[in-house]
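Asker: Sharing structure-v9.pdb below, PDB, C-alpha atoms:
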ATOM      1  CA  SER A   1      25.526-149.273 -97.106
ATOM      2  CA  ARG A   2      27.621-147.918 -99.915
ATOM      3  CA  GLU A   3      31.189-147.074 -98.932
ATOM      4  CA  ARG A   4      32.212-143.562 -99.873
ATOM      5  CA  PHE A   5      35.724-142.541-100.771
ATOM      6  CA  PRO A   6      37.030-138.966-100.962
ATOM      7  CA  ARG A   7      37.051-137.609-104.465
ATOM      8  CA  ARG A   8      40.525-137.255-105.947
ATOM      9  CA  ARG A   9      41.685-133.918-107.291
ATOM     10  CA  ASP A  10      42.096-135.167-110.806
ATOM     11  CA  ASP A  11      38.482-136.457-110.709
ATOM     12  CA  SER A  12      37.062-133.114-109.670
ATOM     13  CA  PRO A  13      34.665-131.573-112.159
ATOM     14  CA  PRO A  14      36.059-128.798-114.343
ATOM     15  CA  ARG A  15      35.581-125.312-113.034
ATOM     16  CA  ARG A  16      32.746-123.448-114.678
ATOM     17  CA  ARG A  17      34.095-120.660-116.826
ATOM     18  CA  HIS A  18      32.909-117.282-115.667
ATOM     19  CA  ARG A  19      32.039-114.599-118.129
ATOM     20  CA  ASP A  20      34.526-112.252-116.418
ATOM     21  CA  ASP A  21      37.449-114.586-117.138
ATOM     22  CA  ASP A  22      37.834-113.262-120.647
ATOM     23  CA  ASP A  23      37.962-109.717-119.318
ATOM     24  CA  ARG A  24      40.661-110.667-116.845
ATOM     25  CA  GLN A  25      42.752-112.249-119.562
ATOM     26  CA  ARG A  26      42.430-109.130-121.690
ATOM     27  CA  ARG A  27      43.518-106.921-118.795
ATOM     28  CA  LEU A  28      46.618-108.926-117.892
ATOM     29  CA  PRO A  29      48.775-107.798-120.838
ATOM     30  CA  ARG A  30      47.932-104.193-119.975
ATOM     31  CA  ARG A  31      49.091-104.726-116.397
ATOM     32  CA  TRP A  32      52.319-106.300-117.556
ATOM     33  CA  GLU A  33      52.865-103.430-119.941
ATOM     34  CA  ALA A  34      52.266-100.875-117.184
ATOM     35  CA  ALA A  35      54.581-102.723-114.803
ATOM     36  CA  SER A  36      57.365-102.790-117.334
ATOM     37  CA  ARG A  37      56.930 -99.138-118.203
ATOM     38  CA  GLY A  38      59.070 -98.100-115.247
ATOM     39  CA  ARG A  39      62.222 -99.508-116.854
ATOM     40  CA  ASP A  40      62.974 -99.752-120.510
ATOM     41  CA  PRO A  41      65.473-102.497-121.498
ATOM     42  CA  ARG A  42      66.977 -99.948-123.850
ATOM     43  CA  ASP A  43      68.171 -98.042-120.773
ATOM     44  CA  ASP A  44      71.012-100.543-120.503
ATOM     45  CA  ARG A  45      72.305 -99.544-123.899
ATOM     46  CA  ARG A  46      74.057 -96.253-123.388
ATOM     47  CA  ASP A  47      76.640 -94.552-125.484
ATOM     48  CA  ARG A  48      79.594 -92.805-123.903
ATOM     49  CA  ASP A  49      78.276 -89.238-124.004
ATOM     50  CA  GLY A  50      74.682 -90.125-123.061
ATOM     51  CA  ASN A  51      73.134 -88.941-126.322
ATOM     52  CA  ARG A  52      70.026 -91.043-125.818
ATOM     53  CA  SER A  53      69.309 -89.961-122.240
ATOM     54  CA  GLN A  54      67.304 -86.921-123.319
ATOM     55  CA  GLU A  55      65.204 -88.984-125.723
ATOM     56  CA  ARG A  56      64.444 -91.613-123.077
ATOM     57  CA  PHE A  57      63.453 -89.013-120.514
ATOM     58  CA  ALA A  58      61.264 -87.090-122.963
ATOM     59  CA  SER A  59      59.446 -90.236-124.070
ATOM     60  CA  ARG A  60      58.544 -91.227-120.506
ATOM     61  CA  ARG A  61      57.994 -87.950-118.649
ATOM     62  CA  ASP A  62      54.320 -87.775-119.659
ATOM     63  CA  ASP A  63      53.653 -91.424-118.783
ATOM     64  CA  GLY A  64      54.984 -91.504-115.243
ATOM     65  CA  ARG A  65      53.387 -90.154-112.120
ATOM     66  CA  GLU A  66      55.231 -88.858-109.098
ATOM     67  CA  ALA A  67      56.343 -91.785-106.958
ATOM     68  CA  PRO A  68      55.056 -92.200-103.377
ATOM     69  CA  LEU A  69      56.814 -90.574-100.435
ATOM     70  CA  HIS A  70      58.753 -93.646 -99.304
ATOM     71  CA  GLN A  71      60.282 -93.965-102.774
ATOM     72  CA  GLN A  72      61.141 -90.256-102.849
ATOM     73  CA  ILE A  73      62.964 -90.659 -99.525
ATOM     74  CA  ALA A  74      64.912 -93.651-100.862
ATOM     75  CA  TRP A  75      65.945 -91.730-103.986
ATOM     76  CA  GLY A  76      66.900 -88.709-101.883
ATOM     77  CA  LYS A  77      69.255 -90.879 -99.838
ATOM     78  CA  GLN A  78      70.850 -92.230-103.013
ATOM     79  CA  ILE A  79      71.366 -88.726-104.394
ATOM     80  CA  THR A  80      72.964 -87.390-101.215
ATOM     81  CA  ALA A  81      74.960 -90.504-100.266
ATOM     82  CA  ARG A  82      78.647 -89.961 -99.536
ATOM     83  CA  ASN A  83      79.685 -92.435-102.195
ATOM     84  CA  ALA A  84      77.408 -90.916-104.847
ATOM     85  CA  THR A  85      79.121 -89.791-108.037
ATOM     86  CA  PRO A  86      77.923 -87.538-110.863
ATOM     87  CA  GLU A  87      77.525 -90.642-112.998
ATOM     88  CA  SER A  88      75.423 -92.504-110.421
ATOM     89  CA  ILE A  89      73.232 -89.453-109.764
ATOM     90  CA  LEU A  90      72.625 -88.733-113.441
ATOM     91  CA  ARG A  91      72.005 -92.423-114.122
ATOM     92  CA  LEU A  92      69.363 -92.459-111.401
ATOM     93  CA  PHE A  93      67.767 -89.339-112.835
ATOM     94  CA  THR A  94      67.790 -90.744-116.370
ATOM     95  CA  ASN A  95      66.007 -93.897-115.211
ATOM     96  CA  ASP A  96      63.576 -92.488-112.640
ATOM     97  CA  GLY A  97      63.692 -88.690-112.879
ATOM     98  CA  HIS A  98      60.287 -88.565-114.575
ATOM     99  CA  ARG A  99      58.843 -89.675-111.202
ATOM    100  CA  PHE A 100      60.953 -87.402-108.988
ATOM    101  CA  SER A 101      59.352 -84.896-106.647
ATOM    102  CA  ALA A 102      60.258 -81.222-107.042
ATOM    103  CA  ARG A 103      62.568 -81.574-104.045
ATOM    104  CA  ASN A 104      64.513 -84.455-105.592
ATOM    105  CA  VAL A 105      64.825 -82.623-108.909
ATOM    106  CA  ALA A 106      66.331 -79.620-107.120
ATOM    107  CA  THR A 107      68.584 -81.862-105.015
ATOM    108  CA  THR A 108      69.862 -83.584-108.152
ATOM    109  CA  ALA A 109      70.846 -80.260-109.734
ATOM    110  CA  HIS A 110      72.509 -79.090-106.532
ATOM    111  CA  ARG A 111      74.446 -82.313-105.943
ATOM    112  CA  VAL A 112      75.733 -82.507-109.514
ATOM    113  CA  GLY A 113      76.774 -78.867-109.200
ATOM    114  CA  LYS A 114      78.869 -79.691-106.135
ATOM    115  CA  PHE A 115      81.153 -81.755-108.331
ATOM    116  CA  GLY A 116      81.543 -78.673-110.540
ATOM    117  CA  GLY A 117      83.972 -78.358-113.374
ATOM    118  CA  ASN A 118      83.608 -77.508-117.029
ATOM    119  CA  ARG A 119      83.390 -81.206-117.932
ATOM    120  CA  PHE A 120      79.593 -80.826-117.673
ATOM    121  CA  ARG A 121      79.462 -77.817-119.981
ATOM    122  CA  THR A 122      78.486 -79.908-123.006
ATOM    123  CA  ASP A 123      77.119 -82.949-121.167
ATOM    124  CA  ARG A 124      73.794 -83.737-122.808
ATOM    125  CA  ARG A 125      72.592 -85.639-119.746
ATOM    126  CA  LEU A 126      71.992 -82.289-118.063
ATOM    127  CA  GLN A 127      69.469 -81.141-120.661
ATOM    128  CA  PRO A 128      66.641 -83.386-119.363
ATOM    129  CA  LEU A 129      67.447 -82.156-115.842
ATOM    130  CA  ALA A 130      67.150 -78.558-117.023
ATOM    131  CA  VAL A 131      63.814 -79.346-118.676
ATOM    132  CA  ALA A 132      62.506 -81.065-115.546
ATOM    133  CA  SER A 133      63.667 -78.157-113.376
ATOM    134  CA  GLY A 134      61.892 -75.703-115.651
ATOM    135  CA  ARG A 135      58.676 -77.688-115.386
ATOM    136  CA  ARG A 136      58.806 -77.697-111.562
ATOM    137  CA  ILE A 137      59.801 -74.044-111.011
ATOM    138  CA  GLY A 138      56.392 -73.191-109.602
ATOM    139  CA  GLU A 139      56.735 -76.010-107.032
ATOM    140  CA  PHE A 140      60.196 -75.028-105.783
ATOM    141  CA  ASN A 141      60.581 -73.089-102.552
ATOM    142  CA  GLY A 142      63.155 -70.327-102.174
ATOM    143  CA  MET A 143      65.976 -72.654-101.175
ATOM    144  CA  GLN A 144      65.297 -75.014-104.082
ATOM    145  CA  LEU A 145      65.202 -72.171-106.616
ATOM    146  CA  ALA A 146      68.557 -70.936-105.325
ATOM    147  CA  ASN A 147      70.004 -74.465-105.321
ATOM    148  CA  VAL A 148      68.973 -75.167-108.914
ATOM    149  CA  ALA A 149      70.451 -71.871-110.140
ATOM    150  CA  TRP A 150      73.640 -72.476-108.139
ATOM    151  CA  GLY A 151      73.969 -76.080-109.337
ATOM    152  CA  PHE A 152      73.684 -75.253-113.030
ATOM    153  CA  ALA A 153      76.033 -72.283-112.672
ATOM    154  CA  LYS A 154      78.647 -74.576-111.105
ATOM    155  CA  THR A 155      78.372 -77.110-113.938
ATOM    156  CA  GLU A 156      78.612 -74.288-116.508
ATOM    157  CA  PHE A 157      75.690 -75.889-118.337
ATOM    158  CA  ILE A 158      73.659 -72.733-118.934
ATOM    159  CA  ASP A 159      70.076 -73.129-120.113
ATOM    160  CA  GLN A 160      68.797 -69.624-120.829
ATOM    161  CA  ARG A 161      65.140 -70.615-120.603
ATOM    162  CA  LEU A 162      65.637 -72.211-117.189
ATOM    163  CA  PHE A 163      67.486 -69.202-115.787
ATOM    164  CA  ALA A 164      64.848 -66.845-117.157
ATOM    165  CA  GLY A 165      62.149 -68.872-115.414
ATOM    166  CA  ILE A 166      64.093 -68.894-112.143
ATOM    167  CA  ALA A 167      64.633 -65.131-112.356
ATOM    168  CA  ALA A 168      60.926 -64.449-112.855
ATOM    169  CA  GLU A 169      59.883 -66.795-110.038
ATOM    170  CA  ALA A 170      62.565 -65.563-107.636
ATOM    171  CA  GLN A 171      61.614 -61.945-108.269
ATOM    172  CA  ARG A 172      57.969 -62.694-107.506
ATOM    173  CA  ARG A 173      58.748 -64.666-104.314
ATOM    174  CA  VAL A 174      61.867 -62.887-103.120
ATOM    175  CA  ARG A 175      60.546 -62.607 -99.553
ATOM    176  CA  GLU A 176      60.665 -66.411 -99.238
ATOM    177  CA  PHE A 177      64.457 -66.356 -99.569
ATOM    178  CA  ASN A 178      66.798 -66.037 -96.620
ATOM    179  CA  SER A 179      70.014 -64.036 -96.862
ATOM    180  CA  GLN A 180      72.162 -67.007 -97.907
ATOM    181  CA  GLU A 181      69.725 -68.039-100.629
ATOM    182  CA  LEU A 182      69.636 -64.486-101.998
ATOM    183  CA  SER A 183      73.429 -64.425-102.054
ATOM    184  CA  ASN A 184      73.621 -67.802-103.815
ATOM    185  CA  THR A 185      71.080 -66.696-106.410
ATOM    186  CA  VAL A 186      72.980 -63.509-107.243
ATOM    187  CA  TRP A 187      76.239 -65.473-107.447
ATOM    188  CA  ALA A 188      74.663 -68.062-109.756
ATOM    189  CA  PHE A 189      73.349 -65.506-112.252
ATOM    190  CA  ALA A 190      76.589 -63.517-112.197
ATOM    191  CA  THR A 191      78.695 -66.664-112.701
ATOM    192  CA  ALA A 192      76.448 -67.975-115.466
ATOM    193  CA  GLY A 193      76.616 -64.619-117.226
ATOM    194  CA  VAL A 194      72.827 -64.389-117.457
ATOM    195  CA  ALA A 195      71.404 -60.861-117.416
ATOM    196  CA  ALA A 196      68.850 -60.400-114.630
ATOM    197  CA  GLN A 197      68.920 -56.713-113.826
ATOM    198  CA  THR A 198      65.345 -56.578-112.542
ATOM    199  CA  LEU A 199      65.994 -59.501-110.202
ATOM    200  CA  PHE A 200      69.174 -57.874-108.899
ATOM    201  CA  GLU A 201      67.321 -54.643-108.199
ATOM    202  CA  THR A 202      64.562 -56.510-106.377
ATOM    203  CA  ILE A 203      67.107 -58.352-104.241
ATOM    204  CA  ALA A 204      68.945 -55.086-103.513
ATOM    205  CA  LEU A 205      65.721 -53.573-102.191
ATOM    206  CA  GLU A 206      64.928 -56.652-100.113
ATOM    207  CA  THR A 207      68.362 -57.091 -98.526
ATOM    208  CA  PRO A 208      68.237 -54.081 -96.126
ATOM    209  CA  ARG A 209      65.030 -55.477 -94.611
ATOM    210  CA  ARG A 210      66.842 -58.546 -93.330
TER     211      ARG A 210
END
Any chance you could give the structure as structure tokens?

Answerer:
Amino acid sequence: SRERFPRRRDDSPPRRRHRDDDDRQRRLPRRWEAASRGRDPRDDRRDRDGNRSQERFASRRDDGREAPLHQQIAWGKQITARNATPESILRLFTNDGHRFSARNVATTAHRVGKFGGNRFRTDRRLQPLAVASGRRIGEFNGMQLANVAWGFAKTEFIDQRLFAGIAAEAQRRVREFNSQELSNTVWAFATAGVAAQTLFETIALETPRR
């Protein structure tokens, strides 16, 4: 009888090429491109006053989708951490803000506002945050609307379009606000020097019902 030996790996016949292999190879570069889209190497090159932050955010806001819940929770913890600084919060927003939920956008504005001070008055890093807040106004609840208005008033970075949008939305949904949120909203508009007479009148009518 003929003795049989196991076939060695290097003697194995070549694998038959499948017609789908070419399609897979064509799709791989697209996957790599999509995977790298979350972080641009140019993000590491920042100038001192953050002039390029607005351009980076604007170029990516239409490409990204809102991140899943577990990622939103992780970002929320970073934003509200005790050791968080305005720089770390704004850096996080610059890199990943295009995927933030409405809640994290509002939390970012509120947390930066807590640091206060007129040093943010001309800080261009706040412009993308104002744009993102304006885009999510319809998704904010009463507390988040009040927090965004309060945060920007504290930083003294006043975006007239954002405050106008908040005024219109707050006036329409004033019954969703509690007493503290109404008070914070009035304070924010008064401090920012933004005229909102109709909103003030609506709040004045709503307050006695509380």

Asker: Enumerate, in order of chain and increasing residue number, the residues of region 107-204 of chain A with an atom no farther than 8 Å from region 76-88 of chain A, each with its shortest atom pair and distance in Å to one decimal, counting all atoms listed in the file, as CSV.

Answerer:
residue,atom,partner,partner_atom,distance
A:Thr107,CA,A:Ile79,CA,7.4
A:Thr108,CA,A:Ile79,CA,6.5
A:Arg111,CA,A:Thr80,CA,7.1
A:Val112,CA,A:Pro86,CA,5.7
A:Phe115,CA,A:Pro86,CA,7.1

Asker: Which residue, A:Leu199, A:Val186, A:Leu69, A:Leu205, has the smallest gap to Arg172 (chain A) when you use all atoms listed in the file?

Answerer: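 Checking each of A:Leu199, A:Val186, A:Leu69, A:Leu205 against Arg172 (chain A), counting all atoms listed in the file, the winner is A:Leu199.
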
Asker: With only C-alpha atoms as the basis for distance, which of A:Val174, A:Ala153, A:Ala146, A:Ala164 is at the shortest distance from Ile203 (chain A)?

Answerer: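 Nearest to Ile203 (chain A): A:Val174.
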
Asker: Report, in Å with one decimal, the straight-line distance from CA of Gln71 (chain A) to CA of Gly113 (chain A).

Answerer: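 Atom-to-atom, CA of Gln71 (chain A) to CA of Gly113 (chain A), that is 23.3 Å.
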
Asker: Using all atoms listed in the file, which of A:Ala102, A:Ala130, A:Ala74, A:Leu145 sits nearest Ile158 (chain A)?

Answerer: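 Once distances to Ile158 (chain A) are computed over all atoms listed in the file, the minimum belongs to A:Ala130.
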
Asker: Which residue out of A:Phe177, A:Thr155, A:Gly116, A:Gln171 has the minimum interatomic distance to Met143 (chain A) when only C-alpha atoms are used?

Answerer: A:Phe177

Asker: Go ahead and compute the interatomic distance for CA of Asn141 (chain A) and CA of Ile166 (chain A), in Å to one decimal.

Answerer: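 Taking CA of Asn141 (chain A) and CA of Ile166 (chain A), their separation equals 11.0 Å.
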
Asker: Could you list, as a count of residues only, every residue matched by the PyMOL selection byres ((chain A and resi 110) around 9) in this structure?

Answerer: 17

Asker: Give as a VMD selection string each residue that has an atom at most 10 Å from (79.1, -67.5, -118.1) in the file, counting only C-alpha atoms.

Answerer: chain A and resid 153 to 154 156 to 158 188 to 194

Asker: How would region 95-121 of chain A read, as a PDB file, keeping the file's coordinate frame, once N, CA and C atoms are built in?

Answerer:
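File selection-v8.pdb, as written:
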ATOM      1  N   ASN A  95      66.923 -92.762-115.330  1.00  0.00           N
ATOM      2  CA  ASN A  95      66.007 -93.897-115.211  1.00  0.00           C
ATOM      3  C   ASN A  95      64.698 -93.541-114.519  1.00  0.00           C
ATOM      4  N   ASP A  96      64.756 -92.714-113.478  1.00  0.00           N
ATOM      5  CA  ASP A  96      63.576 -92.488-112.640  1.00  0.00           C
ATOM      6  C   ASP A  96      63.207 -91.021-112.453  1.00  0.00           C
ATOM      7  N   GLY A  97      63.939 -90.118-113.096  1.00  0.00           N
ATOM      8  CA  GLY A  97      63.692 -88.690-112.879  1.00  0.00           C
ATOM      9  C   GLY A  97      62.296 -88.231-113.257  1.00  0.00           C
ATOM     10  N   HIS A  98      61.642 -88.952-114.179  1.00  0.00           N
ATOM     11  CA  HIS A  98      60.287 -88.565-114.575  1.00  0.00           C
ATOM     12  C   HIS A  98      59.281 -88.782-113.448  1.00  0.00           C
ATOM     13  N   ARG A  99      59.716 -89.458-112.352  1.00  0.00           N
ATOM     14  CA  ARG A  99      58.843 -89.675-111.202  1.00  0.00           C
ATOM     15  C   ARG A  99      59.353 -88.964-109.956  1.00  0.00           C
ATOM     16  N   PHE A 100      60.389 -88.143-110.113  1.00  0.00           N
ATOM     17  CA  PHE A 100      60.953 -87.402-108.988  1.00  0.00           C
ATOM     18  C   PHE A 100      59.986 -86.333-108.501  1.00  0.00           C
ATOM     19  N   SER A 101      60.041 -86.058-107.206  1.00  0.00           N
ATOM     20  CA  SER A 101      59.352 -84.896-106.647  1.00  0.00           C
ATOM     21  C   SER A 101      60.161 -83.649-106.985  1.00  0.00           C
ATOM     22  N   ALA A 102      59.544 -82.475-106.788  1.00  0.00           N
ATOM     23  CA  ALA A 102      60.258 -81.222-107.042  1.00  0.00           C
ATOM     24  C   ALA A 102      61.511 -81.142-106.176  1.00  0.00           C
ATOM     25  N   ARG A 103      61.412 -81.613-104.949  1.00  0.00           N
ATOM     26  CA  ARG A 103      62.568 -81.574-104.045  1.00  0.00           C
ATOM     27  C   ARG A 103      63.719 -82.407-104.570  1.00  0.00           C
ATOM     28  N   ASN A 104      63.443 -83.599-105.081  1.00  0.00           N
ATOM     29  CA  ASN A 104      64.513 -84.455-105.592  1.00  0.00           C
ATOM     30  C   ASN A 104      65.103 -83.914-106.891  1.00  0.00           C
ATOM     31  N   VAL A 105      64.292 -83.250-107.695  1.00  0.00           N
ATOM     32  CA  VAL A 105      64.825 -82.623-108.909  1.00  0.00           C
ATOM     33  C   VAL A 105      65.821 -81.534-108.527  1.00  0.00           C
ATOM     34  N   ALA A 106      65.433 -80.688-107.566  1.00  0.00           N
ATOM     35  CA  ALA A 106      66.331 -79.620-107.120  1.00  0.00           C
ATOM     36  C   ALA A 106      67.584 -80.187-106.465  1.00  0.00           C
ATOM     37  N   THR A 107      67.431 -81.246-105.681  1.00  0.00           N
ATOM     38  CA  THR A 107      68.584 -81.862-105.015  1.00  0.00           C
ATOM     39  C   THR A 107      69.544 -82.445-106.036  1.00  0.00           C
ATOM     40  N   THR A 108      69.009 -83.034-107.100  1.00  0.00           N
ATOM     41  CA  THR A 108      69.862 -83.584-108.152  1.00  0.00           C
ATOM     42  C   THR A 108      70.717 -82.488-108.784  1.00  0.00           C
ATOM     43  N   ALA A 109      70.097 -81.371-109.130  1.00  0.00           N
ATOM     44  CA  ALA A 109      70.846 -80.260-109.734  1.00  0.00           C
ATOM     45  C   ALA A 109      71.919 -79.735-108.782  1.00  0.00           C
ATOM     46  N   HIS A 110      71.566 -79.617-107.514  1.00  0.00           N
ATOM     47  CA  HIS A 110      72.509 -79.090-106.532  1.00  0.00           C
ATOM     48  C   HIS A 110      73.678 -80.042-106.305  1.00  0.00           C
ATOM     49  N   ARG A 111      73.386 -81.341-106.200  1.00  0.00           N
ATOM     50  CA  ARG A 111      74.446 -82.313-105.943  1.00  0.00           C
ATOM     51  C   ARG A 111      75.398 -82.450-107.131  1.00  0.00           C
ATOM     52  N   VAL A 112      74.860 -82.442-108.336  1.00  0.00           N
ATOM     53  CA  VAL A 112      75.733 -82.507-109.514  1.00  0.00           C
ATOM     54  C   VAL A 112      76.601 -81.257-109.562  1.00  0.00           C
ATOM     55  N   GLY A 113      76.010 -80.106-109.209  1.00  0.00           N
ATOM     56  CA  GLY A 113      76.774 -78.867-109.200  1.00  0.00           C
ATOM     57  C   GLY A 113      77.931 -78.891-108.218  1.00  0.00           C
ATOM     58  N   LYS A 114      77.795 -79.626-107.125  1.00  0.00           N
ATOM     59  CA  LYS A 114      78.869 -79.691-106.135  1.00  0.00           C
ATOM     60  C   LYS A 114      80.143 -80.317-106.705  1.00  0.00           C
ATOM     61  N   PHE A 115      79.977 -81.155-107.710  1.00  0.00           N
ATOM     62  CA  PHE A 115      81.153 -81.755-108.331  1.00  0.00           C
ATOM     63  C   PHE A 115      81.818 -80.761-109.288  1.00  0.00           C
ATOM     64  N   GLY A 116      81.016 -79.775-109.758  1.00  0.00           N
ATOM     65  CA  GLY A 116      81.543 -78.673-110.540  1.00  0.00           C
ATOM     66  C   GLY A 116      82.366 -79.079-111.742  1.00  0.00           C
ATOM     67  N   GLY A 117      83.077 -78.093-112.265  1.00  0.00           N
ATOM     68  CA  GLY A 117      83.972 -78.358-113.374  1.00  0.00           C
ATOM     69  C   GLY A 117      83.325 -78.162-114.727  1.00  0.00           C
ATOM     70  N   ASN A 118      84.131 -77.760-115.693  1.00  0.00           N
ATOM     71  CA  ASN A 118      83.608 -77.508-117.029  1.00  0.00           C
ATOM     72  C   ASN A 118      83.381 -78.786-117.831  1.00  0.00           C
ATOM     73  N   ARG A 119      83.631 -79.942-117.212  1.00  0.00           N
ATOM     74  CA  ARG A 119      83.390 -81.206-117.932  1.00  0.00           C
ATOM     75  C   ARG A 119      81.912 -81.401-118.214  1.00  0.00           C
ATOM     76  N   PHE A 120      81.033 -80.696-117.466  1.00  0.00           N
ATOM     77  CA  PHE A 120      79.593 -80.826-117.673  1.00  0.00           C
ATOM     78  C   PHE A 120      79.053 -79.803-118.679  1.00  0.00           C
ATOM     79  N   ARG A 121      79.927 -78.929-119.148  1.00  0.00           N
ATOM     80  CA  ARG A 121      79.462 -77.817-119.981  1.00  0.00           C
ATOM     81  C   ARG A 121      78.706 -78.295-121.205  1.00  0.00           C
TER      82      ARG A 121
END
